[in-house]
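> final_2.tsv is reproduced below (TSV, C-alpha atoms and all ligand atoms).
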```tsv
chain	number	residue	atom	x	y	z
A	1	MET	CA	163.01	-6.05	-87.76
A	2	GLN	CA	161.62	-8.34	-85.11
A	3	VAL	CA	158.56	-10.28	-86.27
A	4	TRP	CA	156.16	-11.50	-83.61
A	5	ALA	CA	153.19	-13.69	-84.49
A	6	ILE	CA	150.27	-13.76	-82.08
A	7	ALA	CA	148.30	-16.94	-82.43
A	8	ASN	CA	145.96	-19.36	-80.74
A	9	GLN	CA	143.39	-21.43	-82.57
A	10	LYS	CA	140.96	-20.72	-79.76
A	11	GLY	CA	138.82	-17.64	-80.37
A	12	GLY	CA	138.43	-14.66	-78.08
A	13	VAL	CA	141.55	-15.15	-75.95
A	14	GLY	CA	143.02	-11.68	-76.48
A	15	LYS	CA	145.15	-12.08	-79.62
A	16	THR	CA	144.05	-8.87	-81.31
A	17	THR	CA	144.14	-6.98	-78.02
A	18	THR	CA	147.69	-8.22	-77.43
A	19	ALA	CA	148.86	-7.13	-80.89
A	20	VAL	CA	147.29	-3.67	-80.63
A	21	SER	CA	148.39	-3.12	-77.02
A	22	LEU	CA	152.01	-4.08	-77.70
A	23	ALA	CA	151.99	-1.82	-80.78
A	24	GLY	CA	150.79	1.05	-78.59
A	25	GLU	CA	153.54	0.49	-76.05
A	26	LEU	CA	156.18	0.20	-78.79
A	27	SER	CA	154.95	3.45	-80.34
A	28	LYS	CA	155.35	5.17	-76.98
A	29	GLN	CA	158.91	3.92	-76.87
A	30	GLY	CA	159.57	5.59	-80.21
A	31	LYS	CA	159.68	2.34	-82.18
A	32	SER	CA	158.15	1.88	-85.61
A	33	VAL	CA	155.64	-0.92	-85.95
A	34	LEU	CA	153.98	-2.72	-88.82
A	35	LEU	CA	150.78	-4.51	-87.80
A	36	ILE	CA	149.44	-7.26	-90.02
A	37	ASP	CA	145.82	-8.37	-89.78
A	38	LEU	CA	145.80	-11.99	-90.95
A	39	ASP	CA	142.25	-12.65	-89.78
A	40	PRO	CA	139.48	-12.86	-92.43
A	41	HIS	CA	137.16	-11.30	-89.85
A	42	GLY	CA	139.42	-8.29	-89.88
A	43	SER	CA	139.05	-7.53	-86.18
A	44	MET	CA	142.23	-5.51	-86.08
A	45	SER	CA	141.26	-3.59	-89.22
A	46	SER	CA	137.88	-2.87	-87.60
A	47	TYR	CA	139.69	-1.79	-84.44
A	48	PHE	CA	141.29	0.98	-86.49
A	49	LYS	CA	137.92	1.86	-88.05
A	50	LEU	CA	138.37	0.18	-91.43
A	51	ASP	CA	135.54	-1.93	-92.83
A	52	PRO	CA	136.83	-5.39	-93.83
A	53	ASP	CA	133.72	-5.91	-95.99
A	54	THR	CA	134.58	-3.06	-98.31
A	55	HIS	CA	138.23	-2.17	-97.77
A	56	GLU	CA	140.57	-2.70	-100.73
A	57	PRO	CA	143.34	-3.50	-101.34
A	58	SER	CA	144.14	-5.80	-98.43
A	59	ILE	CA	146.54	-8.61	-97.68
A	60	TYR	CA	144.27	-10.68	-99.93
A	61	HIS	CA	145.95	-8.93	-102.87
A	62	LEU	CA	149.43	-9.81	-101.62
A	63	PHE	CA	148.46	-13.46	-101.93
A	64	GLN	CA	146.60	-13.05	-105.20
A	65	SER	CA	148.96	-11.08	-107.37
A	66	PRO	CA	152.69	-10.41	-107.47
A	67	ALA	CA	151.75	-6.96	-108.84
A	68	TYR	CA	150.90	-5.88	-105.28
A	69	SER	CA	153.48	-5.00	-102.68
A	70	VAL	CA	153.25	-3.98	-99.05
A	71	ASN	CA	153.47	-0.33	-100.15
A	72	ASP	CA	150.18	-0.62	-102.08
A	73	ILE	CA	148.31	-1.95	-99.08
A	74	ILE	CA	149.76	-0.21	-96.05
A	75	VAL	CA	147.55	2.27	-94.18
A	76	ASP	CA	147.93	4.64	-91.25
A	77	THR	CA	146.42	3.73	-87.91
A	78	GLY	CA	146.36	7.23	-86.43
A	79	ILE	CA	149.00	6.09	-83.91
A	80	ASP	CA	152.52	7.50	-84.28
A	81	ASN	CA	154.82	5.16	-86.19
A	82	VAL	CA	152.22	2.38	-86.32
A	83	LYS	CA	151.10	1.20	-89.77
A	84	LEU	CA	148.70	-1.57	-90.71
A	85	LEU	CA	148.32	-4.11	-93.48
A	86	PRO	CA	144.56	-4.59	-93.30
A	87	SER	CA	142.53	-7.71	-93.91
A	88	SER	CA	139.30	-8.09	-95.84
A	89	THR	CA	136.56	-10.67	-95.98
A	90	ALA	CA	137.96	-12.03	-99.27
A	91	VAL	CA	140.86	-13.40	-97.21
A	92	ALA	CA	138.49	-16.16	-96.05
A	93	THR	CA	138.63	-17.69	-99.53
A	94	LEU	CA	142.44	-17.97	-99.63
A	95	ASP	CA	142.65	-21.35	-97.95
A	96	ARG	CA	140.39	-22.94	-100.54
A	97	GLN	CA	142.08	-21.17	-103.46
A	98	LEU	CA	145.68	-21.65	-102.49
A	99	GLY	CA	145.47	-24.78	-100.35
A	100	THR	CA	148.39	-26.79	-101.60
A	101	GLN	CA	150.09	-24.40	-104.04
A	102	ALA	CA	153.82	-24.48	-103.50
A	103	GLY	CA	155.41	-21.33	-102.12
A	104	LYS	CA	152.20	-19.85	-100.74
A	105	GLY	CA	153.39	-20.46	-97.21
A	106	LEU	CA	156.08	-17.81	-97.65
A	107	VAL	CA	154.04	-14.94	-99.10
A	108	ILE	CA	154.16	-12.84	-95.92
A	109	LYS	CA	157.81	-13.59	-95.18
A	110	ASN	CA	158.83	-12.66	-98.72
A	111	SER	CA	156.63	-9.55	-98.78
A	112	LEU	CA	158.26	-8.31	-95.57
A	113	ALA	CA	161.84	-8.87	-96.70
A	114	PRO	CA	162.30	-5.42	-98.33
A	115	PHE	CA	160.93	-3.73	-95.18
A	116	SER	CA	163.27	-5.20	-92.62
A	117	GLU	CA	165.08	-1.86	-92.22
A	118	LYS	CA	161.94	0.26	-92.33
A	119	PHE	CA	160.22	-1.06	-89.22
A	120	ASP	CA	161.61	-2.03	-85.84
A	121	TYR	CA	158.79	-4.50	-85.20
A	122	CYS	CA	156.16	-6.38	-87.14
A	123	LEU	CA	153.24	-7.87	-85.18
A	124	ILE	CA	151.05	-10.41	-86.93
A	125	ASP	CA	147.53	-10.95	-85.58
A	126	CYS	CA	146.34	-14.44	-86.54
A	127	ALA	CA	142.82	-15.79	-86.92
A	128	PRO	CA	141.70	-18.59	-84.59
A	129	LEU	CA	142.15	-21.00	-87.49
A	130	LEU	CA	144.86	-23.29	-88.69
A	131	GLY	CA	145.51	-22.88	-92.35
A	132	ILE	CA	147.63	-21.18	-94.93
A	133	LEU	CA	147.51	-17.85	-93.08
A	134	MET	CA	148.80	-19.34	-89.84
A	135	VAL	CA	151.51	-21.16	-91.79
A	136	ASN	CA	152.52	-17.81	-93.30
A	137	ALA	CA	152.61	-16.12	-89.90
A	138	LEU	CA	154.76	-18.84	-88.37
A	139	ALA	CA	157.15	-18.87	-91.32
A	140	ALA	CA	157.67	-15.11	-91.08
A	141	ALA	CA	157.97	-14.89	-87.28
A	142	ASN	CA	161.01	-15.05	-85.05
A	143	GLN	CA	158.89	-15.06	-81.89
A	144	LEU	CA	155.47	-16.53	-81.22
A	145	LEU	CA	153.10	-15.24	-78.57
A	146	VAL	CA	150.24	-17.48	-77.47
A	147	PRO	CA	147.64	-15.63	-75.41
A	148	VAL	CA	145.55	-17.98	-73.32
A	149	GLN	CA	142.57	-17.10	-71.22
A	150	THR	CA	142.93	-18.16	-67.61
A	151	GLU	CA	140.04	-20.63	-67.56
A	152	PHE	CA	139.92	-24.41	-67.80
A	153	LEU	CA	138.51	-24.78	-71.30
A	154	ALA	CA	141.19	-22.51	-72.71
A	155	ILE	CA	143.89	-24.71	-71.26
A	156	LYS	CA	142.48	-27.73	-73.11
A	157	GLY	CA	142.57	-25.66	-76.30
A	158	LEU	CA	146.17	-24.75	-75.61
A	159	GLU	CA	147.26	-28.39	-75.64
A	160	ARG	CA	145.67	-28.78	-79.04
A	161	MET	CA	147.26	-25.56	-80.28
A	162	LEU	CA	150.77	-26.57	-79.21
A	163	HIS	CA	150.37	-29.99	-80.79
A	164	THR	CA	149.37	-28.57	-84.16
A	165	LEU	CA	152.02	-25.92	-83.85
A	166	ASN	CA	154.70	-28.54	-83.51
A	167	MET	CA	153.47	-30.14	-86.70
A	168	ILE	CA	153.59	-26.86	-88.64
A	169	LEU	CA	156.96	-25.91	-87.19
A	170	LYS	CA	158.60	-29.10	-88.42
A	171	ALA	CA	158.75	-27.36	-91.81
A	172	ARG	CA	160.93	-24.57	-90.40
A	173	ALA	CA	164.70	-24.58	-90.53
A	174	GLU	CA	165.17	-22.92	-87.13
A	175	PRO	CA	163.11	-23.47	-83.99
A	176	LEU	CA	160.58	-20.80	-83.07
A	177	GLU	CA	160.58	-19.49	-79.53
A	178	TYR	CA	157.17	-19.11	-78.01
A	179	LEU	CA	155.77	-17.50	-74.91
A	180	ILE	CA	152.36	-18.31	-73.43
A	181	ILE	CA	150.59	-15.23	-72.09
A	182	PRO	CA	147.85	-15.65	-69.50
A	183	THR	CA	145.14	-13.11	-70.35
A	184	MET	CA	141.89	-11.78	-68.90
A	185	PHE	CA	143.02	-12.87	-65.46
A	186	ASP	CA	140.43	-12.15	-62.82
A	187	ARG	CA	142.20	-12.49	-59.48
A	188	ARG	CA	138.87	-12.43	-57.62
A	189	THR	CA	137.84	-15.82	-58.94
A	190	ARG	CA	139.10	-19.16	-57.68
A	191	ALA	CA	138.78	-20.65	-61.14
A	192	ALA	CA	141.21	-18.11	-62.60
A	193	ILE	CA	143.73	-18.65	-59.83
A	194	GLN	CA	143.51	-22.42	-60.18
A	195	SER	CA	143.84	-22.41	-63.94
A	196	LEU	CA	146.83	-20.08	-63.75
A	197	ARG	CA	148.48	-22.48	-61.33
A	198	GLN	CA	147.73	-25.36	-63.66
A	199	LEU	CA	149.21	-23.46	-66.61
A	200	ARG	CA	152.39	-22.74	-64.67
A	201	ASP	CA	152.71	-26.35	-63.50
A	202	THR	CA	152.26	-27.66	-67.01
A	203	TYR	CA	154.17	-25.13	-69.10
A	204	GLY	CA	156.86	-23.93	-66.67
A	205	GLN	CA	159.48	-21.91	-68.53
A	206	THR	CA	157.38	-21.20	-71.60
A	207	ILE	CA	154.77	-19.21	-69.72
A	208	TRP	CA	155.16	-15.52	-68.92
A	209	GLU	CA	155.69	-14.95	-65.20
A	210	ASN	CA	153.09	-12.19	-65.10
A	211	VAL	CA	149.46	-11.95	-66.28
A	212	ILE	CA	147.26	-9.58	-68.27
A	213	PRO	CA	144.40	-8.71	-65.90
A	214	VAL	CA	140.77	-8.23	-66.80
A	215	ASP	CA	140.36	-4.51	-67.36
A	216	THR	CA	137.31	-2.68	-68.70
A	217	GLN	CA	139.63	-0.07	-70.21
A	218	PHE	CA	140.32	-2.48	-73.09
A	219	ARG	CA	136.72	-2.07	-74.23
A	220	GLU	CA	137.00	1.69	-73.95
A	221	ALA	CA	140.25	1.65	-75.95
A	222	SER	CA	138.74	-0.42	-78.76
A	223	ARG	CA	135.71	1.88	-78.89
A	224	LYS	CA	138.08	4.77	-79.48
A	225	GLY	CA	140.16	2.85	-82.02
A	226	LYS	CA	143.33	3.34	-80.01
A	227	PRO	CA	145.65	1.08	-78.01
A	228	ILE	CA	145.04	1.08	-74.26
A	229	SER	CA	148.40	2.84	-73.79
A	230	HIS	CA	146.95	5.84	-75.64
A	231	VAL	CA	143.63	5.89	-73.79
A	232	ALA	CA	144.45	4.87	-70.22
A	233	ALA	CA	148.23	4.70	-69.83
A	234	SER	CA	148.09	4.15	-66.09
A	235	SER	CA	145.43	1.41	-66.18
A	236	ARG	CA	146.36	-2.03	-64.93
A	237	GLY	CA	145.89	-3.41	-68.43
A	238	ALA	CA	148.30	-0.92	-70.02
A	239	LYS	CA	150.89	-1.48	-67.30
A	240	ALA	CA	150.68	-5.24	-67.78
A	241	TYR	CA	151.31	-4.96	-71.53
A	242	LEU	CA	154.26	-2.67	-70.85
A	243	GLN	CA	155.67	-5.34	-68.53
A	244	LEU	CA	155.12	-7.93	-71.24
A	245	LEU	CA	156.94	-5.76	-73.75
A	246	ILE	CA	159.87	-5.36	-71.39
A	247	ARG	CA	160.01	-9.13	-70.95
A	248	LEU	CA	159.96	-9.66	-74.70
A	249	VAL	CA	162.59	-7.05	-75.46
A	250	ASP	CA	164.92	-7.54	-72.52
A	251	GLY	CA	164.23	-11.18	-71.85
A	252	ASN	CA	163.59	-10.55	-68.16
A	253	THR	CA	160.88	-9.18	-65.88
A	254	GLU	CA	162.94	-6.54	-64.09
A	255	PRO	CA	161.57	-3.08	-64.87
A	256	SER	CA	164.25	-1.39	-66.94
A	257	LEU	CA	164.63	2.14	-68.25
A	258	MET	CA	161.80	1.48	-70.70
A	259	ALA	CA	159.31	1.59	-67.86
A	260	SER	CA	160.13	5.21	-67.18
A	261	GLY	CA	158.27	6.21	-70.35
A	262	HIS	CA	155.06	6.29	-68.32
B	1	LIG	N1	142.49	-8.27	-70.49
B	1	LIG	C1	141.24	-8.04	-70.92
B	1	LIG	N2	140.29	-7.55	-70.09
B	1	LIG	C2	139.03	-7.32	-70.50
B	1	LIG	N3	138.62	-7.51	-71.77
B	1	LIG	C3	139.52	-7.99	-72.67
B	1	LIG	C4	140.88	-8.26	-72.30
B	1	LIG	N4	141.53	-8.71	-73.40
B	1	LIG	C5	140.64	-8.72	-74.39
B	1	LIG	N5	139.43	-8.28	-73.97
B	1	LIG	C6	138.19	-8.19	-74.75
B	1	LIG	O1	137.79	-9.51	-75.08
B	1	LIG	C7	137.31	-9.58	-76.40
B	1	LIG	C8	138.13	-10.58	-77.21
B	1	LIG	O2	139.47	-10.10	-77.29
B	1	LIG	P1	140.29	-10.19	-78.66
B	1	LIG	O3	139.47	-9.69	-79.80
B	1	LIG	O4	141.60	-9.53	-78.42
B	1	LIG	O5	140.48	-11.76	-78.77
B	1	LIG	P2	140.99	-12.60	-80.05
B	1	LIG	O6	141.73	-13.76	-79.50
B	1	LIG	O7	141.69	-11.72	-80.99
B	1	LIG	O8	139.59	-13.07	-80.69
B	1	LIG	P3	139.40	-13.80	-82.11
B	1	LIG	O9	139.85	-15.21	-81.91
B	1	LIG	O10	137.94	-13.68	-82.37
B	1	LIG	O11	140.25	-13.07	-83.10
B	1	LIG	C9	137.37	-8.16	-76.94
B	1	LIG	O12	136.12	-7.55	-76.77
B	1	LIG	C10	138.40	-7.47	-76.05
B	1	LIG	O13	138.16	-6.08	-75.91
B	2	MG	MG	141.37	-11.42	-83.04
```
Show me this structure written as C-alpha cells.

Amino acid sequence: MQVWAIANQKGGVGKTTTAVSLAGELSKQGKSVLLIDLDPHGSMSSYFKLDPDTHEPSIYHLFQSPAYSVNDIIVDTGIDNVKLLPSSTAVATLDRQLGTQAGKGLVIKNSLAPFSEKFDYCLIDCAPLLGILMVNALAAANQLLVPVQTEFLAIKGLERMLHTLNMILKARAEPLEYLIIPTMFDRRTRAAIQSLRQLRDTYGQTIWENVIPVDTQFREASRKGKPISHVAASSRGAKAYLQLLIRLVDGNTEPSLMASGH
C-alpha cells in the first residue's frame, strides 16, 4: 500500500479536493483506496455527506482506545473501491489530550499496518494545522503532496510549511519525498502566472511540472458528494488530476496507458 499525505498548514489551498480527486481517478483505474480524514473540521467527511458533529465512531476513537480498529470506523463513500475513515469534531481535542504522550505519533501508521495488503493506496487529508495529527500523517506516509495556491501569499506560507516540515521529519528514519502541487491556477491573471514562475524558480525539482487549473466543476462535484472524475470526467480539472496521478505513479509526465481510461 502506498500512503500519500496531503498537507499544507495554509487553509483553503485544495488539500481535500486533491485527496478526493486523486481517489476518484484511482478508483477509475480499478485501484482500491482508503481515504483518511485527519481534519477536525471533517471537510472530507462532509464531502461524502457525513456530519462530523454527530458521526461516531471516527478516527478520534482510534486515538482514544486500543479497543477500536480501522474495521470499526471504516465507511463507504459511494465510490467503487473507495473507503473512508471519517473525522469528527472531537478530533479537535486530541492535541490537548495527547500532546506529549509517547507513541501517539504512530497511531495512524500502526493502525494501517494490518491493511497494507487490503488497499492499493491510502490518502491522508490533513488539517491546516501543525500538531499531533500532522505528525501522525507524516509518520505513516511514504509520499507527501503539498498543494499550494498560485498566489503570492500562499508562497510565503509554503516557506513556513517546508521549514516546520523539516523539523517534524527529523524524527523519521527515512527521508520523505514531497511534491509541491500548484492549484487553482487561473491562467488569465498575471498574478497567477508570476507566482507560478516564482514557485518554479524557488522550488525547481520539487514542484510538479503541471498545474491544477481553476475549474467550477470542483464545486459541482463537491455538491454531489463525488470526485470530479465521476461528475465531469472530461473537465480540465479532472484531466489535470489524472495527469498528476500519472506523475505520481509513473514518476514522469508522459501520458501512459493509464490515460486511456478516459
Ligand atoms: N482547482 C480548483 N478550482 C476551483 N475551485 C477549487 C479548486 N480546488 C479547490 N477548489 C475549491 O476551493 C475550496 C477550498 O478547497 P479545499 O477544501 O480542497 O481546500 P483545503 O486546503 O482542503 O482547505 P482547508 O485548509 O480548509 O482544509 C473548496 O470550495 C473547493 O471546492
Ligand atoms: Mg481540507
> Interatomic distance between CA of Ile212 (chain A) and CA of Lys224 (chain A)?
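We find that CA of Ile212 (chain A) and CA of Lys224 (chain A) lie 20.4 Å from each other.
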> Could you give me, as a PyMOL selection string, the residues within 7 Å of Cys126 (chain A), counting only C-alpha atoms and dropping anything in the same chain fewer than 2 positions from it?
chain A and resi 6-7+37-39+124+128+134
> Could you tell me how far CA of Ser234 (chain A) lies from CA of Gln217 (chain A), in Å and to one decimal?
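Atom-to-atom, CA of Ser234 (chain A) and CA of Gln217 (chain A) are spaced 10.3 Å apart.
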> Which polymer residues have any atom within 10 Å of an atom of Asn71 (chain A), counting only C-alpha atoms, with same-chain residues fewer than 5 positions away left out, as a ChimeraX atom specification?
/A:85,111,115
> Store the residues picked out above, limited to C-alpha atoms, as an mmCIF file, keeping the file's coordinate frame.

```cif
data_model
loop_
_atom_site.group_PDB
_atom_site.id
_atom_site.type_symbol
_atom_site.label_atom_id
_atom_site.label_comp_id
_atom_site.auth_asym_id
_atom_site.auth_seq_id
_atom_site.Cartn_x
_atom_site.Cartn_y
_atom_site.Cartn_z
ATOM 1 C CA LEU A 85 148.320 -4.110 -93.480
ATOM 2 C CA SER A 111 156.630 -9.550 -98.780
ATOM 3 C CA PHE A 115 160.930 -3.730 -95.180
#
```
> Select from chain A every residue with an atom at most 9 Å from any atom of ligand LIG 1 (chain B), then for each give the shortest pair of atoms and their distance in Å to one decimal, using only C-alpha atoms and all ligand atoms, rows by chain and rising number, as CSV.

```
residue,atom,partner,partner_atom,distance
A:Ile6,CA,B:LIG1,O7,8.9
A:Ala7,CA,B:LIG1,O6,7.9
A:Asn8,CA,B:LIG1,O6,7.1
A:Gln9,CA,B:LIG1,O9,7.2
A:Lys10,CA,B:LIG1,O9,6.0
A:Gly11,CA,B:LIG1,O9,3.1
A:Gly12,CA,B:LIG1,O8,3.3
A:Val13,CA,B:LIG1,O6,3.8
A:Gly14,CA,B:LIG1,O4,3.2
A:Lys15,CA,B:LIG1,O7,3.7
A:Thr16,CA,B:LIG1,O7,3.7
A:Thr17,CA,B:LIG1,O4,3.6
A:Thr18,CA,B:LIG1,O4,6.3
A:Ala19,CA,B:LIG1,O4,8.0
A:Val20,CA,B:LIG1,O4,8.5
A:Asp39,CA,B:LIG1,O11,7.0
A:His41,CA,B:LIG1,O11,7.6
A:Gly42,CA,B:LIG1,O11,8.3
A:Ser43,CA,B:LIG1,O11,6.5
A:Met44,CA,B:LIG1,O3,8.0
A:Asp125,CA,B:LIG1,O7,7.5
A:Cys126,CA,B:LIG1,O11,7.1
A:Ala127,CA,B:LIG1,O11,5.3
A:Pro128,CA,B:LIG1,O9,4.7
A:Leu129,CA,B:LIG1,O9,8.4
A:Pro147,CA,B:LIG1,O6,7.4
A:Val148,CA,B:LIG1,O6,8.4
A:Gln149,CA,B:LIG1,N4,8.7
A:Thr183,CA,B:LIG1,N1,5.5
A:Met184,CA,B:LIG1,N1,3.9
A:Phe185,CA,B:LIG1,N1,6.8
A:Asp186,CA,B:LIG1,N2,8.6
A:Val211,CA,B:LIG1,N1,8.9
A:Ile212,CA,B:LIG1,N1,5.4
A:Pro213,CA,B:LIG1,N1,5.0
A:Val214,CA,B:LIG1,N2,3.4
A:Asp215,CA,B:LIG1,N2,4.1
A:Thr216,CA,B:LIG1,C2,5.3
A:Gln217,CA,B:LIG1,C2,7.3
A:Phe218,CA,B:LIG1,O13,5.1
A:Arg219,CA,B:LIG1,O13,4.6
A:Glu220,CA,B:LIG1,O13,8.1
A:Ala221,CA,B:LIG1,O13,8.0
A:Ser222,CA,B:LIG1,O13,6.4
A:Arg223,CA,B:LIG1,O13,8.8
A:Gly237,CA,B:LIG1,N1,6.3
```
> In Å to one decimal, how far is CA of Gln205 (chain A) from CA of Gly131 (chain A)?
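Spanning CA of Gly131 (chain A) to CA of Gln205 (chain A) is a straight-line distance of 27.6 Å.
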> Which of these, A:Glu151, A:Asp95, A:Glu56, A:Glu117, has the shortest distance to Leu133 (chain A) once you count only C-alpha atoms?
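For Leu133 (chain A), the nearest of the given residues is A:Asp95.
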> Calculated over all atoms listed in the file, which of the candidates A:Ile132, A:Leu50, A:Ile36, A:Val3 has the smallest distance to ligand MG 2 (chain B)?
A:Ile36
> Counting only C-alpha atoms, which residue out of A:Asn210, A:Thr150, A:Ser69, A:Asn142 sits closest to Leu112 (chain A)?
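The shortest atom-to-atom distance to Leu112 (chain A) comes from A:Ser69.
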> Compile the contact shell of Ile180 (chain A) as a PyMOL selection string: residues with an atom at most 8 Å away, counting all atoms listed in the file, same-chain residues fewer than 3 positions apart removed.
chain A and resi 145-148+206-208
> Just want the 8 Å neighbourhood of Val33 (chain A), counted on only C-alpha atoms, with same-chain residues fewer than 2 positions away dropped. Output as a ChimeraX atom specification.
/A:23,26-27,31,35,81-83,119-123
> So that I can see what lies close to Ala233 (chain A), please list as a PDB file with C-alpha atoms, in the frame of the given file the residues with an atom at most 10 Å from it, counting only C-alpha atoms and leaving out residues fewer than 2 positions away in the same chain.

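Final output, saved to part_12.pdb:
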```pdb
ATOM      1  CA  GLY A  24     150.790   1.050 -78.590  1.00  0.00           C
ATOM      2  CA  GLU A  25     153.540   0.490 -76.050  1.00  0.00           C
ATOM      3  CA  GLN A 217     139.630  -0.070 -70.210  1.00  0.00           C
ATOM      4  CA  PRO A 227     145.650   1.080 -78.010  1.00  0.00           C
ATOM      5  CA  ILE A 228     145.040   1.080 -74.260  1.00  0.00           C
ATOM      6  CA  SER A 229     148.400   2.840 -73.790  1.00  0.00           C
ATOM      7  CA  HIS A 230     146.950   5.840 -75.640  1.00  0.00           C
ATOM      8  CA  VAL A 231     143.630   5.890 -73.790  1.00  0.00           C
ATOM      9  CA  SER A 235     145.430   1.410 -66.180  1.00  0.00           C
ATOM     10  CA  ARG A 236     146.360  -2.030 -64.930  1.00  0.00           C
ATOM     11  CA  GLY A 237     145.890  -3.410 -68.430  1.00  0.00           C
ATOM     12  CA  ALA A 238     148.300  -0.920 -70.020  1.00  0.00           C
ATOM     13  CA  LYS A 239     150.890  -1.480 -67.300  1.00  0.00           C
ATOM     14  CA  LEU A 242     154.260  -2.670 -70.850  1.00  0.00           C
ATOM     15  CA  HIS A 262     155.060   6.290 -68.320  1.00  0.00           C
TER      16      HIS A 262
END
```
> Rank A:Ser65, A:Gln29, A:Ser46, A:Ser195 by their smallest atom-to-atom distance to ligand MG 2 (chain B), using all atoms listed in the file, and report the top residue only.
A:Ser46
> Measuring atom to atom with all atoms listed in the file, identify which of A:Gln101, A:Thr202, A:Ser87, A:Thr54 is nearest to ligand MG 2 (chain B).
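Of the candidates, the smallest distance to ligand MG 2 (chain B) is held by A:Ser87.
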> Can you work out which one of A:Ser32, A:Gly204, A:Leu245, A:Ser45 has the shortest atom-to-atom distance to ligand MG 2 (chain B), counting only C-alpha atoms and all ligand atoms?
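Under the stated criterion, the closest residue is A:Ser45.
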> Please rebuild region 62-73 of chain A with N, CA, C and O atoms and return the result as a short mmCIF file (atom, residue, chain, number, x, y, z; two decimals), keeping the file's coordinate frame.

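In the end it all went to result-v9.cif:
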```cif
data_model
loop_
_atom_site.label_atom_id
_atom_site.label_comp_id
_atom_site.auth_asym_id
_atom_site.auth_seq_id
_atom_site.Cartn_x
_atom_site.Cartn_y
_atom_site.Cartn_z
N LEU A 62 148.03 -9.33 -101.69
CA LEU A 62 149.43 -9.81 -101.62
C LEU A 62 149.50 -11.27 -102.03
O LEU A 62 150.45 -11.71 -102.67
N PHE A 63 148.48 -12.03 -101.62
CA PHE A 63 148.46 -13.46 -101.93
C PHE A 63 148.04 -13.71 -103.38
O PHE A 63 148.43 -14.68 -104.00
N GLN A 64 147.20 -12.81 -103.89
CA GLN A 64 146.60 -13.05 -105.20
C GLN A 64 147.47 -12.65 -106.38
O GLN A 64 147.39 -13.26 -107.43
N SER A 65 148.25 -11.58 -106.19
CA SER A 65 148.96 -11.08 -107.37
C SER A 65 150.32 -10.52 -107.00
O SER A 65 150.44 -9.70 -106.09
N PRO A 66 151.34 -10.94 -107.73
CA PRO A 66 152.69 -10.41 -107.47
C PRO A 66 152.78 -8.92 -107.83
O PRO A 66 153.77 -8.26 -107.50
N ALA A 67 151.74 -8.38 -108.49
CA ALA A 67 151.75 -6.96 -108.84
C ALA A 67 151.61 -6.08 -107.60
O ALA A 67 151.94 -4.90 -107.63
N TYR A 68 151.10 -6.67 -106.50
CA TYR A 68 150.90 -5.88 -105.28
C TYR A 68 152.09 -6.03 -104.34
O TYR A 68 152.62 -7.14 -104.18
N SER A 69 152.46 -4.91 -103.73
CA SER A 69 153.48 -5.00 -102.68
C SER A 69 152.90 -4.39 -101.40
O SER A 69 151.82 -3.79 -101.41
N VAL A 70 153.65 -4.53 -100.34
CA VAL A 70 153.25 -3.98 -99.05
C VAL A 70 152.90 -2.49 -99.18
O VAL A 70 151.93 -2.01 -98.60
N ASN A 71 153.69 -1.78 -99.97
CA ASN A 71 153.47 -0.33 -100.15
C ASN A 71 152.08 0.01 -100.70
O ASN A 71 151.55 1.09 -100.43
N ASP A 72 151.50 -0.88 -101.48
CA ASP A 72 150.18 -0.62 -102.08
C ASP A 72 149.07 -0.79 -101.05
O ASP A 72 147.95 -0.34 -101.26
N ILE A 73 149.37 -1.49 -99.99
CA ILE A 73 148.31 -1.95 -99.08
C ILE A 73 148.34 -1.22 -97.75
O ILE A 73 147.32 -1.04 -97.10
#
```
